[in-house]
Amino acid sequence: MLDLRCYLVTGPGNAPEVAAAAARGGAGIVQVRSKPIGTRALLSLATEVARAVARANPATRVLIDDRADVAAALMRRGEHVHGVHLGQEDLPPRDARRLLGPGAIIGLTTGTLDLVRRANEEANVIDYVGAGPFRPTPTKDSGRPPLGVAGYPALVRASRVPVVAIGDVTAADAPALAATGVAGVALSRALMGAADPEATARGIVGAFA
């Protein structure tokens, strides 16, 4: 079963080191995101992150942000990479599934009731949806209004796949968000900048116990 409770989205900083620490703390997913970055640089970074995560906790799954082609290349190389997280303007999920195969993990960005309902049409090819922003975030401007805690229950009820809250989520937000029915929370700055990412991840996982 896919563990979405604590989901790290990499950002500025030592991504392999933080990813490994978060994995030791029980993070179920690490998404490699680094924008802007060239394809070869992304391949190199994702390889480093994947190997660090595999050493730290082989149960943690590694996804590539946006780039199904990069995910496919790394999976075929035998790296510890398991799929892709797609935005609304990326390769359609059905095409990504054909490229990556039946065992890959595919996530899709949403954040409104309309987008969740549209994602339901892809429920047989995606594994989860990310929904946000929880609050406005400087790392990614989606153009969508922030959901806040109150915005998630309706999305969870409407979605045919698990929902992950994203968008400037902090560890302190995890208990309130867990109570909305989301399957997990995705964090970037809150883990990348944490003094102890392992302990932070462990606390987030515990909020969903």
# chains A, B, ... in the order shown; residues from 1 in each chain; ligands from 1
>>> residues_around(residues="Asp173 of chain A", least_positions_apart="2", cutoff="10 Å", atoms="only C-alpha atoms", output="count of residues only")
13
>>> residues_around(residues="Gly167 of chain A", least_positions_apart="2", cutoff="7 Å", atoms="only C-alpha atoms", output="JSON, numbers by chain")
{"A": [132, 133, 134, 135, 136, 137, 169]}
>>> closest_atom_pairs(of="segment 6-25 of chain A", to="segment 57-69 of chain A", cutoff="12 Å", atoms="only C-alpha atoms", output="tab-separated table")
residue	atom	partner	partner_atom	distance
A:Cys6	CA	A:Thr60	CA	10.2
A:Tyr7	CA	A:Arg61	CA	9.6
A:Leu8	CA	A:Val62	CA	9.6
A:Val9	CA	A:Asp65	CA	8.7
A:Thr10	CA	A:Asp65	CA	9.6
A:Gly11	CA	A:Asp65	CA	11.3
A:Pro16	CA	A:Val62	CA	11.4
A:Ala19	CA	A:Val62	CA	9.5
A:Ala20	CA	A:Asn57	CA	7.5
A:Ala21	CA	A:Asn57	CA	9.2
A:Ala22	CA	A:Asn57	CA	9.2
A:Ala23	CA	A:Asn57	CA	5.6
A:Arg24	CA	A:Asn57	CA	5.8
A:Gly25	CA	A:Asn57	CA	8.9
>>> write_last_selection(atoms="all heavy atoms", output="JSON list (two decimals), in the first residue's frame")
[["chain", "number", "residue", "atom", "x", "y", "z"],
["A", 6, "CYS", "N", 3.76, 11.19, 4.94],
["A", 6, "CYS", "CA", 4.81, 12.23, 4.91],
["A", 6, "CYS", "C", 5.49, 12.17, 3.56],
["A", 6, "CYS", "O", 6.11, 11.17, 3.21],
["A", 6, "CYS", "CB", 5.81, 12.01, 6.03],
["A", 6, "CYS", "SG", 7.16, 13.23, 6.05],
["A", 7, "TYR", "N", 5.39, 13.24, 2.81],
["A", 7, "TYR", "CA", 5.78, 13.29, 1.40],
["A", 7, "TYR", "C", 6.72, 14.48, 1.23],
["A", 7, "TYR", "O", 6.30, 15.62, 1.35],
["A", 7, "TYR", "CB", 4.50, 13.44, 0.59],
["A", 7, "TYR", "CG", 4.57, 13.44, -0.92],
["A", 7, "TYR", "CD1", 3.69, 12.67, -1.66],
["A", 7, "TYR", "CD2", 5.45, 14.27, -1.62],
["A", 7, "TYR", "CE1", 3.69, 12.67, -3.04],
["A", 7, "TYR", "CE2", 5.46, 14.28, -3.00],
["A", 7, "TYR", "CZ", 4.57, 13.49, -3.70],
["A", 7, "TYR", "OH", 4.59, 13.51, -5.08],
["A", 8, "LEU", "N", 7.98, 14.21, 1.00],
["A", 8, "LEU", "CA", 8.97, 15.27, 0.82],
["A", 8, "LEU", "C", 9.06, 15.68, -0.64],
["A", 8, "LEU", "O", 9.20, 14.83, -1.53],
["A", 8, "LEU", "CB", 10.36, 14.80, 1.27],
["A", 8, "LEU", "CG", 11.56, 15.67, 0.84],
["A", 8, "LEU", "CD1", 11.49, 17.06, 1.46],
["A", 8, "LEU", "CD2", 12.87, 14.98, 1.18],
["A", 9, "VAL", "N", 8.97, 16.98, -0.89],
["A", 9, "VAL", "CA", 9.24, 17.55, -2.21],
["A", 9, "VAL", "C", 10.57, 18.29, -2.10],
["A", 9, "VAL", "O", 10.67, 19.26, -1.34],
["A", 9, "VAL", "CB", 8.13, 18.51, -2.67],
["A", 9, "VAL", "CG1", 8.45, 19.09, -4.05],
["A", 9, "VAL", "CG2", 6.78, 17.81, -2.68],
["A", 10, "THR", "N", 11.59, 17.83, -2.80],
["A", 10, "THR", "CA", 12.91, 18.44, -2.63],
["A", 10, "THR", "C", 12.93, 19.87, -3.17],
["A", 10, "THR", "O", 12.14, 20.25, -4.03],
["A", 10, "THR", "CB", 14.01, 17.62, -3.31],
["A", 10, "THR", "OG1", 13.82, 17.64, -4.73],
["A", 10, "THR", "CG2", 14.02, 16.19, -2.81],
["A", 11, "GLY", "N", 13.85, 20.65, -2.64],
["A", 11, "GLY", "CA", 14.02, 22.03, -3.04],
["A", 11, "GLY", "C", 15.44, 22.45, -2.77],
["A", 11, "GLY", "O", 16.33, 21.59, -2.63],
["A", 16, "PRO", "N", 19.90, 15.14, -1.47],
["A", 16, "PRO", "CA", 20.14, 13.74, -1.10],
["A", 16, "PRO", "C", 20.21, 13.52, 0.41],
["A", 16, "PRO", "O", 19.66, 12.54, 0.93],
["A", 16, "PRO", "CB", 21.48, 13.41, -1.78],
["A", 16, "PRO", "CG", 21.55, 14.37, -2.93],
["A", 16, "PRO", "CD", 20.92, 15.62, -2.42],
["A", 19, "ALA", "N", 16.67, 14.03, 1.93],
["A", 19, "ALA", "CA", 15.80, 12.93, 1.49],
["A", 19, "ALA", "C", 16.11, 11.66, 2.29],
["A", 19, "ALA", "O", 15.20, 10.94, 2.72],
["A", 19, "ALA", "CB", 15.97, 12.68, 0.00],
["A", 20, "ALA", "N", 17.38, 11.39, 2.50],
["A", 20, "ALA", "CA", 17.77, 10.21, 3.28],
["A", 20, "ALA", "C", 17.29, 10.33, 4.72],
["A", 20, "ALA", "O", 16.77, 9.35, 5.29],
["A", 20, "ALA", "CB", 19.28, 10.03, 3.23],
["A", 21, "ALA", "N", 17.44, 11.50, 5.30],
["A", 21, "ALA", "CA", 17.00, 11.70, 6.68],
["A", 21, "ALA", "C", 15.49, 11.55, 6.80],
["A", 21, "ALA", "O", 14.98, 10.89, 7.72],
["A", 21, "ALA", "CB", 17.43, 13.08, 7.17],
["A", 22, "ALA", "N", 14.75, 12.15, 5.85],
["A", 22, "ALA", "CA", 13.29, 12.03, 5.87],
["A", 22, "ALA", "C", 12.87, 10.57, 5.71],
["A", 22, "ALA", "O", 11.94, 10.10, 6.36],
["A", 22, "ALA", "CB", 12.68, 12.90, 4.78],
["A", 23, "ALA", "N", 13.57, 9.85, 4.84],
["A", 23, "ALA", "CA", 13.27, 8.43, 4.63],
["A", 23, "ALA", "C", 13.49, 7.64, 5.92],
["A", 23, "ALA", "O", 12.68, 6.78, 6.28],
["A", 23, "ALA", "CB", 14.12, 7.87, 3.49],
["A", 24, "ARG", "N", 14.58, 7.93, 6.61],
["A", 24, "ARG", "CA", 14.82, 7.25, 7.90],
["A", 24, "ARG", "C", 13.71, 7.55, 8.89],
["A", 24, "ARG", "O", 13.38, 6.72, 9.75],
["A", 24, "ARG", "CB", 16.18, 7.66, 8.48],
["A", 24, "ARG", "CG", 17.36, 7.06, 7.75],
["A", 24, "ARG", "CD", 18.65, 7.26, 8.55],
["A", 24, "ARG", "NE", 18.98, 8.67, 8.71],
["A", 24, "ARG", "CZ", 19.72, 9.38, 7.87],
["A", 24, "ARG", "NH1", 20.22, 8.80, 6.77],
["A", 24, "ARG", "NH2", 19.98, 10.65, 8.10],
["A", 25, "GLY", "N", 13.14, 8.74, 8.79],
["A", 25, "GLY", "CA", 12.05, 9.13, 9.69],
["A", 25, "GLY", "C", 10.70, 8.59, 9.29],
["A", 25, "GLY", "O", 9.70, 8.83, 9.98]]
>>> closest_residue(among="A:Ala183, A:Arg157, A:Leu191, A:Ala123", to="Gly203 of chain A", atoms="only C-alpha atoms")
A:Leu191
>>> closest_residue(among="A:Gly130, A:Pro102, A:Pro93, A:Pro162", to="Met1 of chain A", atoms="only C-alpha atoms")
A:Pro162
